[in-house]
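Student: Please read through the structure below; I'll follow up with questions.
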Amino acid sequence: MSSLAELARHHTRLTLPELDHVQRLVASWGLLADLCFSDLLFFAGVDYDDDGNLLGGNDLERPLVVLGQIRPTTSQTLFRSDWVGRVIPAADRPIVARCLDTGEIVEGDVPGDGEHDRVRELCIPVRSDGRVIGVLTKESAPAVGRQPGELERTYVEVFNRLARMIESGGFPFSGEEGPAEQAPRVGDGALVLDADMRVAYASPNAVSALHRIGVHANSEGMRLGELGLPETAIRIAYTQARPATEEIEIGHEVTVMMRFIPLLEGERVTGSLVLLRDISELRRRDRLLLSKDATIREIHHRVKNNLQTISSLLRLQGRRLSSPEAKVAIEESVRRIRSIALVHETLSHAAGDDVPFIEILRPLVRMVEEGLISPEHPIHFTVSGDAGILPAPVATGVAVVLTELLQNVVDHAWPDGLLTEASVRVLLSNDGDRLEVEVIDDGVGPPEGFTIDASTGLGLSIVRTLITTELRGTIAFSSAGGPPHRPGTSVRMSVPVR
């Protein structure tokens with residue numbers, strides 16, 4: 001199914017600011033559907049035919065396209081079918097066409113679409129910067145002698161006030177992207193405040209939410225401050241005429257979120273809708289996640305410290321050895337341990353189990369430069385590209401592999417002594433599915449017929465095992481294509497990151 005933006009671009013001439021206005025309305029219209037207990041549709045006039053030709057005629061003649069649809073959570077839906085994307089002749093929805101043409105709220109009955117014989121339709125012009133850009137319709141079954149209760153009457157009256165704000169261009173509020181996922185809904189509890197910030201109505205669920213935070217007095221006719229509640233957010237809503245949110249915590253057990261939505265007439269705030277939601281369980285989970293995240297970071301920090309201690313012990317042991325082969329083996333082990341420690345050090349500062357690999361690669365390259373190269377035999381290392389964010393197991397494996405490859409380059413790329421301007425390049429790319437790494441030197445190149453599968457050296461055996469088994473990737477050696485005396489070696493590896 002096409003998105004709202006795609007449908008608007010295909011059928012209408014809405015400008016980017018106008019489309020943004022519609023998207024912000026649709027992002028917050030769950031509130032409207034719940035208040036009026038009805039389905040809502042958003043219509044716009046069709047400006048282009050199926051061939052992309054601009055249509056003529058006025059708003060009473062042009063076809064209509066449905067760009068959005070929402071069902072209420074406080075009542076049954078009127079439409080089981082999906083209306084989004086439907087193109088409808090203006091004659092089938094004459095009230096919508098008249099509203100689009102006159103820019104005034106219009107109400108009437110229209111024929112149903114098979115699910116209902118008649119539909120009661122309230123059409124509200126959606127205005128942006130003084131221009132009517134579409135019509136929001138409230139679709140409901142005609143009332144048959146039923147008297148609504150106080151809650152329903154109050155909610156519908158608030159909806160009608162918001163409808164007048166939509167007609168004047170005051171809703172949705174400028175710059176607001178829509179409520180957050182955890183924001184309270186109408187069914188969670190609602191207070192209606194008057195122009196003096198006094199409670200005019202409290203729904204049963206709102207009363208229950210107030211009880212949760214210790215407010216047991218009758219709230220009607222009272223200000224929030226008189227009930228012992230903070231008034232910072234509500235004063236922002238009234239003085240700045242924009243929504244505000246406040247959380248009230250009672251110890252660590254109870255948290256209630258209050259969202260204040262000002263109700264305007266022109267530019268004057270005449271009241272406010274206050275939505276309340278008990279988010280105690282959500283905040284408890286947040287605290288557990290924060291505690292777990294801090295614990296995991298502390299574990300990574302301690303693992304890093306332990307690895308550094310092991311490296312120091314190995315160095316002390318290496319100084320007491322007289323065998324050159326044993327000293328080399330100890331130094332290689334120290335470098336491998338340090339490369340793993342770099343991953344844990346980065347994870348100890350990061351949230352979650354993913355890590356930006358470039359933060360590991362840079363100190364890893366510095367470690368190789370400091371430990372393997374003398375001032376008399378310099379090698380210039382460069383890193384290009386970005387490996388992106390990697391899961392910790394992938395980052396650990398790739399770090400060890402790169403340590404081995406860089407060590408292998410320094411040990412074998414220039415067997416007759418380092419040349420001037422010797423260089424090693426590390427190229428990185430990550431498309432979200434696979435990480436591609438290439439290490440290129442300008443040395444003598446790989447021996448003829450060399451393959452990593454036939455290699456018996458410990459370092460390349462570690463590389464092969466990590467890449468093919470642990471990381472489920474591939475690796476290949478080839479000539480880098482340089483001049484005959486220095487063709488160089490290219491090592492390419494590719495590993496999945498998901």
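Order determines the names: the first chain of the structure tokens is A, the second B, and so forth; residues in each chain are numbered 1 upward, and ligands are numbered 1 upward as they are shown.
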Using backbone DSSP assignments, extract all strand (DSSP E) residues from stretch 156-322 of chain A; output them as a PyMOL selection string.
Tutor: chain A and resi 190-193+199-202+244-250+254-265+268-278
Student: Report as JSON, numbers by chain all protein, DNA and RNA residues lying within 12 Å of stretch 144-158 of chain A, evaluated on only C-alpha atoms, omitting residues in the same chain fewer than 3 positions from it.
Tutor: {"A": [31, 32, 33, 34, 35, 36, 37, 38, 74, 75, 120, 138, 140, 141, 161, 162, 163, 164, 165, 186, 187, 189, 190, 191, 192, 193, 194, 200, 201, 202, 203, 204, 205, 206, 261, 262, 263, 264, 270, 271, 272, 273, 274, 275]}
Student: Could you save those same residues with N, CA and C atoms as a short mmCIF file (atom, residue, chain, number, x, y, z; two decimals), in the first residue's frame?
Tutor:
```
data_model
loop_
_atom_site.label_atom_id
_atom_site.label_comp_id
_atom_site.auth_asym_id
_atom_site.auth_seq_id
_atom_site.Cartn_x
_atom_site.Cartn_y
_atom_site.Cartn_z
N LEU A 31 -6.31 10.72 18.77
CA LEU A 31 -7.02 11.48 19.79
C LEU A 31 -8.41 11.89 19.31
N LEU A 32 -8.49 12.38 18.06
CA LEU A 32 -9.77 12.85 17.53
C LEU A 32 -10.76 11.70 17.35
N ALA A 33 -10.28 10.57 16.82
CA ALA A 33 -11.17 9.42 16.61
C ALA A 33 -11.72 8.91 17.94
N ASP A 34 -10.86 8.88 18.97
CA ASP A 34 -11.33 8.39 20.27
C ASP A 34 -12.32 9.35 20.91
N LEU A 35 -12.13 10.64 20.71
CA LEU A 35 -13.04 11.61 21.30
C LEU A 35 -14.42 11.58 20.67
N CYS A 36 -14.48 11.33 19.37
CA CYS A 36 -15.79 11.36 18.69
C CYS A 36 -16.37 9.97 18.48
N PHE A 37 -15.68 8.92 18.95
CA PHE A 37 -16.18 7.54 18.87
C PHE A 37 -16.49 7.13 17.44
N SER A 38 -15.73 7.65 16.48
CA SER A 38 -16.07 7.44 15.07
C SER A 38 -14.83 7.22 14.22
N THR A 74 -12.25 3.65 21.17
CA THR A 74 -13.31 3.80 22.17
C THR A 74 -14.66 3.29 21.68
N SER A 75 -14.74 2.83 20.45
CA SER A 75 -16.02 2.39 19.90
C SER A 75 -15.76 1.43 18.74
N ARG A 120 -23.66 9.04 8.55
CA ARG A 120 -23.69 10.44 8.96
C ARG A 120 -22.27 10.99 8.83
N LYS A 138 -15.76 12.91 9.78
CA LYS A 138 -16.17 12.03 10.88
C LYS A 138 -17.31 11.17 10.35
N SER A 140 -20.01 8.24 10.93
CA SER A 140 -20.71 7.52 11.99
C SER A 140 -22.07 7.06 11.51
N ALA A 141 -22.62 6.08 12.21
CA ALA A 141 -23.97 5.62 11.89
C ALA A 141 -24.97 6.62 12.45
N ARG A 161 -14.60 21.24 19.58
CA ARG A 161 -13.69 22.38 19.78
C ARG A 161 -12.40 22.19 18.98
N LEU A 162 -11.89 20.96 18.97
CA LEU A 162 -10.70 20.68 18.17
C LEU A 162 -11.00 20.79 16.67
N ALA A 163 -12.24 20.42 16.29
CA ALA A 163 -12.63 20.55 14.88
C ALA A 163 -12.59 22.00 14.44
N ARG A 164 -13.06 22.91 15.30
CA ARG A 164 -13.00 24.33 14.96
C ARG A 164 -11.55 24.82 14.88
N MET A 165 -10.67 24.24 15.68
CA MET A 165 -9.25 24.58 15.59
C MET A 165 -8.65 24.08 14.27
N VAL A 186 -7.10 8.68 25.04
CA VAL A 186 -8.33 9.14 25.68
C VAL A 186 -8.87 8.09 26.64
N GLY A 187 -8.80 6.83 26.24
CA GLY A 187 -9.33 5.77 27.09
C GLY A 187 -8.56 5.55 28.37
N GLY A 189 -7.75 7.89 30.47
CA GLY A 189 -8.26 8.84 31.46
C GLY A 189 -8.14 10.26 30.94
N ALA A 190 -9.17 11.07 31.14
CA ALA A 190 -9.17 12.42 30.61
C ALA A 190 -9.81 13.39 31.60
N LEU A 191 -9.16 14.55 31.74
CA LEU A 191 -9.73 15.68 32.46
C LEU A 191 -9.99 16.80 31.46
N VAL A 192 -11.05 17.55 31.66
CA VAL A 192 -11.31 18.75 30.86
C VAL A 192 -11.23 19.94 31.80
N LEU A 193 -10.33 20.87 31.49
CA LEU A 193 -10.17 22.07 32.31
C LEU A 193 -10.83 23.25 31.61
N ASP A 194 -11.30 24.22 32.40
CA ASP A 194 -11.92 25.40 31.82
C ASP A 194 -10.86 26.49 31.61
N ALA A 200 -13.32 20.82 34.92
CA ALA A 200 -14.75 20.85 34.58
C ALA A 200 -15.33 19.44 34.48
N TYR A 201 -14.45 18.46 34.15
CA TYR A 201 -14.93 17.08 34.03
C TYR A 201 -13.75 16.14 34.23
N ALA A 202 -14.00 15.02 34.91
CA ALA A 202 -12.99 13.97 35.10
C ALA A 202 -13.62 12.63 34.75
N SER A 203 -13.01 11.91 33.80
CA SER A 203 -13.54 10.60 33.42
C SER A 203 -13.25 9.59 34.52
N PRO A 204 -13.99 8.49 34.58
CA PRO A 204 -13.73 7.47 35.61
C PRO A 204 -12.28 6.97 35.62
N ASN A 205 -11.70 6.75 34.43
CA ASN A 205 -10.31 6.30 34.39
C ASN A 205 -9.35 7.38 34.88
N ALA A 206 -9.69 8.64 34.65
CA ALA A 206 -8.85 9.73 35.17
C ALA A 206 -8.92 9.75 36.69
N ILE A 261 -3.31 19.37 26.47
CA ILE A 261 -3.58 19.83 25.11
C ILE A 261 -4.49 21.06 25.20
N PRO A 262 -3.97 22.26 24.91
CA PRO A 262 -4.79 23.47 25.04
C PRO A 262 -5.89 23.50 23.99
N LEU A 263 -7.03 24.03 24.39
CA LEU A 263 -8.17 24.22 23.48
C LEU A 263 -8.29 25.71 23.21
N LEU A 264 -8.27 26.08 21.93
CA LEU A 264 -8.19 27.49 21.55
C LEU A 264 -9.45 27.95 20.84
N THR A 270 -9.04 28.65 25.87
CA THR A 270 -10.31 28.63 26.58
C THR A 270 -10.47 27.38 27.44
N GLY A 271 -9.48 26.54 27.45
CA GLY A 271 -9.55 25.32 28.23
C GLY A 271 -8.44 24.38 27.84
N SER A 272 -8.48 23.19 28.40
CA SER A 272 -7.44 22.21 28.10
C SER A 272 -7.99 20.81 28.29
N LEU A 273 -7.53 19.91 27.44
CA LEU A 273 -7.79 18.49 27.61
C LEU A 273 -6.55 17.88 28.24
N VAL A 274 -6.72 17.20 29.36
CA VAL A 274 -5.60 16.57 30.06
C VAL A 274 -5.79 15.06 29.99
N LEU A 275 -4.83 14.39 29.36
CA LEU A 275 -4.87 12.93 29.28
C LEU A 275 -3.90 12.36 30.31
#
```
Student: Residues at most 9 Å from A:Gly108, counting only C-alpha atoms, excluding those fewer than 5 positions away in the same chain, as a list in words?
Tutor: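 Answer for this query is Ile95, Val119, Arg120, Glu121, Leu122 and Cys123 of chain A.
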Student: How would the residues just picked look written out with N, CA and C atoms as a PDB file, in the first residue's frame?
Tutor:
```
ATOM      1  N   ILE A  95     -20.969  16.186   0.023  1.00  0.00           N
ATOM      2  CA  ILE A  95     -20.745  17.029   1.202  1.00  0.00           C
ATOM      3  C   ILE A  95     -19.259  17.330   1.354  1.00  0.00           C
ATOM      4  N   VAL A 119     -24.758   6.843   6.080  1.00  0.00           N
ATOM      5  CA  VAL A 119     -23.642   7.234   6.940  1.00  0.00           C
ATOM      6  C   VAL A 119     -23.792   8.720   7.264  1.00  0.00           C
ATOM      7  N   ARG A 120     -23.664   9.040   8.546  1.00  0.00           N
ATOM      8  CA  ARG A 120     -23.690  10.443   8.963  1.00  0.00           C
ATOM      9  C   ARG A 120     -22.266  10.987   8.832  1.00  0.00           C
ATOM     10  N   GLU A 121     -22.125  12.061   8.084  1.00  0.00           N
ATOM     11  CA  GLU A 121     -20.799  12.552   7.746  1.00  0.00           C
ATOM     12  C   GLU A 121     -20.650  14.018   8.165  1.00  0.00           C
ATOM     13  N   LEU A 122     -19.667  14.272   9.052  1.00  0.00           N
ATOM     14  CA  LEU A 122     -19.304  15.629   9.434  1.00  0.00           C
ATOM     15  C   LEU A 122     -18.004  15.962   8.728  1.00  0.00           C
ATOM     16  N   CYS A 123     -18.005  16.988   7.894  1.00  0.00           N
ATOM     17  CA  CYS A 123     -16.845  17.364   7.088  1.00  0.00           C
ATOM     18  C   CYS A 123     -16.196  18.616   7.666  1.00  0.00           C
TER      19      CYS A 123
END
```
Student: Would you compute the distance between atom CA of A:Asp433 and atom CA of A:Ser490? Give it in Å to one decimal.
Tutor: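 Taking atom CA of A:Asp433 as the start and atom CA of A:Ser490 as the end point, the length is 22.4 Å.
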Student: Among the residues of stretch 231-297 of chain A, find those DSSP assigns to helix (DSSP H, G or I) from the backbone and print them as JSON, numbers by chain.
Tutor: {"A": [232, 233, 234, 235, 236, 237, 238, 239, 240, 280, 281, 282, 283, 284, 285, 286, 287, 288, 289, 290, 291, 292, 293, 294, 295, 296, 297]}
Student: Would you write out those residues with C-alpha atoms, as a PDB file, in the first residue's frame?
Tutor:
```pdb
ATOM      1  CA  THR A 232       4.434  23.702  35.514  1.00  0.00           C
ATOM      2  CA  ALA A 233       3.229  21.895  32.386  1.00  0.00           C
ATOM      3  CA  ILE A 234      -0.329  23.213  32.512  1.00  0.00           C
ATOM      4  CA  ARG A 235       0.930  26.810  32.789  1.00  0.00           C
ATOM      5  CA  ILE A 236       3.107  26.217  29.718  1.00  0.00           C
ATOM      6  CA  ALA A 237       0.056  24.905  27.839  1.00  0.00           C
ATOM      7  CA  TYR A 238      -2.030  27.949  28.779  1.00  0.00           C
ATOM      8  CA  THR A 239       0.598  30.679  28.401  1.00  0.00           C
ATOM      9  CA  GLN A 240       2.318  29.351  25.260  1.00  0.00           C
ATOM     10  CA  SER A 280       4.429   2.736  36.355  1.00  0.00           C
ATOM     11  CA  GLU A 281       5.196  -0.573  34.658  1.00  0.00           C
ATOM     12  CA  LEU A 282       6.885   1.164  31.704  1.00  0.00           C
ATOM     13  CA  ARG A 283       9.139   3.185  34.000  1.00  0.00           C
ATOM     14  CA  ARG A 284       9.925   0.108  36.084  1.00  0.00           C
ATOM     15  CA  ARG A 285      11.063  -1.651  32.914  1.00  0.00           C
ATOM     16  CA  ASP A 286      13.085   1.419  31.902  1.00  0.00           C
ATOM     17  CA  ARG A 287      14.881   1.354  35.246  1.00  0.00           C
ATOM     18  CA  LEU A 288      15.583  -2.353  34.872  1.00  0.00           C
ATOM     19  CA  LEU A 289      16.970  -1.772  31.378  1.00  0.00           C
ATOM     20  CA  LEU A 290      19.168   1.070  32.606  1.00  0.00           C
ATOM     21  CA  SER A 291      20.401  -1.078  35.466  1.00  0.00           C
ATOM     22  CA  LYS A 292      21.039  -3.995  33.122  1.00  0.00           C
ATOM     23  CA  ASP A 293      22.828  -1.742  30.636  1.00  0.00           C
ATOM     24  CA  ALA A 294      25.042  -0.300  33.390  1.00  0.00           C
ATOM     25  CA  THR A 295      25.805  -3.812  34.635  1.00  0.00           C
ATOM     26  CA  ILE A 296      26.771  -4.980  31.152  1.00  0.00           C
ATOM     27  CA  ARG A 297      29.050  -1.964  30.649  1.00  0.00           C
TER      28      ARG A 297
END
```
Student: May I have the residues within 7 Å of A:Thr245 as a ChimeraX atom specification, using only C-alpha atoms and disregarding those fewer than 6 positions away in the same chain?
Tutor: /A:233,258-260
Student: Could you write out that same residue set with C-alpha atoms as an mmCIF file, in the first residue's frame?
Tutor:
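Output below, filename selection_12.cif:
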```cif
data_model
loop_
_atom_site.group_PDB
_atom_site.id
_atom_site.type_symbol
_atom_site.label_atom_id
_atom_site.label_comp_id
_atom_site.auth_asym_id
_atom_site.auth_seq_id
_atom_site.Cartn_x
_atom_site.Cartn_y
_atom_site.Cartn_z
ATOM 1 C CA ALA A 233 3.229 21.895 32.386
ATOM 2 C CA MET A 258 -0.127 13.856 32.148
ATOM 3 C CA ARG A 259 -0.401 15.368 28.665
ATOM 4 C CA PHE A 260 -1.954 18.838 28.411
#
```
Student: Give me, as a PyMOL selection string, all polymer residues having an atom no more than 12 Å from A:Pro17, counting only C-alpha atoms and skipping those fewer than 5 positions away in the same chain.
Tutor: chain A and resi 5+22-24+127-129+131+133+174-175
Student: Quick one, how far is atom CA of A:Ala476 from atom CA of A:Asp453?
Tutor: 9.4 Å
Student: Counting only C-alpha atoms, which of A:Ile279, A:Ile389, A:Ala97, A:Val66 gets nearest to A:Glu253?
Tutor: A:Ile279
Student: Could you give me, as a PyMOL selection string, the residues within 6 Å of A:Glu345, counting only C-alpha atoms and dropping anything in the same chain fewer than 3 positions from it?
Tutor: chain A and resi 304+342+348
Student: One decimal, Å: what's the distance from atom CA of A:Met257 over to atom CA of A:Gly214, could you say?
Tutor: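 A separation of 14.2 Å between them.
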Student: Could you check which of A:Ser494, A:Thr456, A:Thr451, A:Thr102 is closest to A:Ser429, using only C-alpha atoms?
Tutor: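 Using only C-alpha atoms, the shortest distance to A:Ser429 belongs to A:Ser494.
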Student: From the list A:Ile452, A:Ile467, A:Val269, A:Leu460, which residue is nearest A:Met197 when using only C-alpha atoms?
Tutor: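 Among A:Ile452, A:Ile467, A:Val269, A:Leu460, it is A:Val269 that comes nearest to A:Met197.
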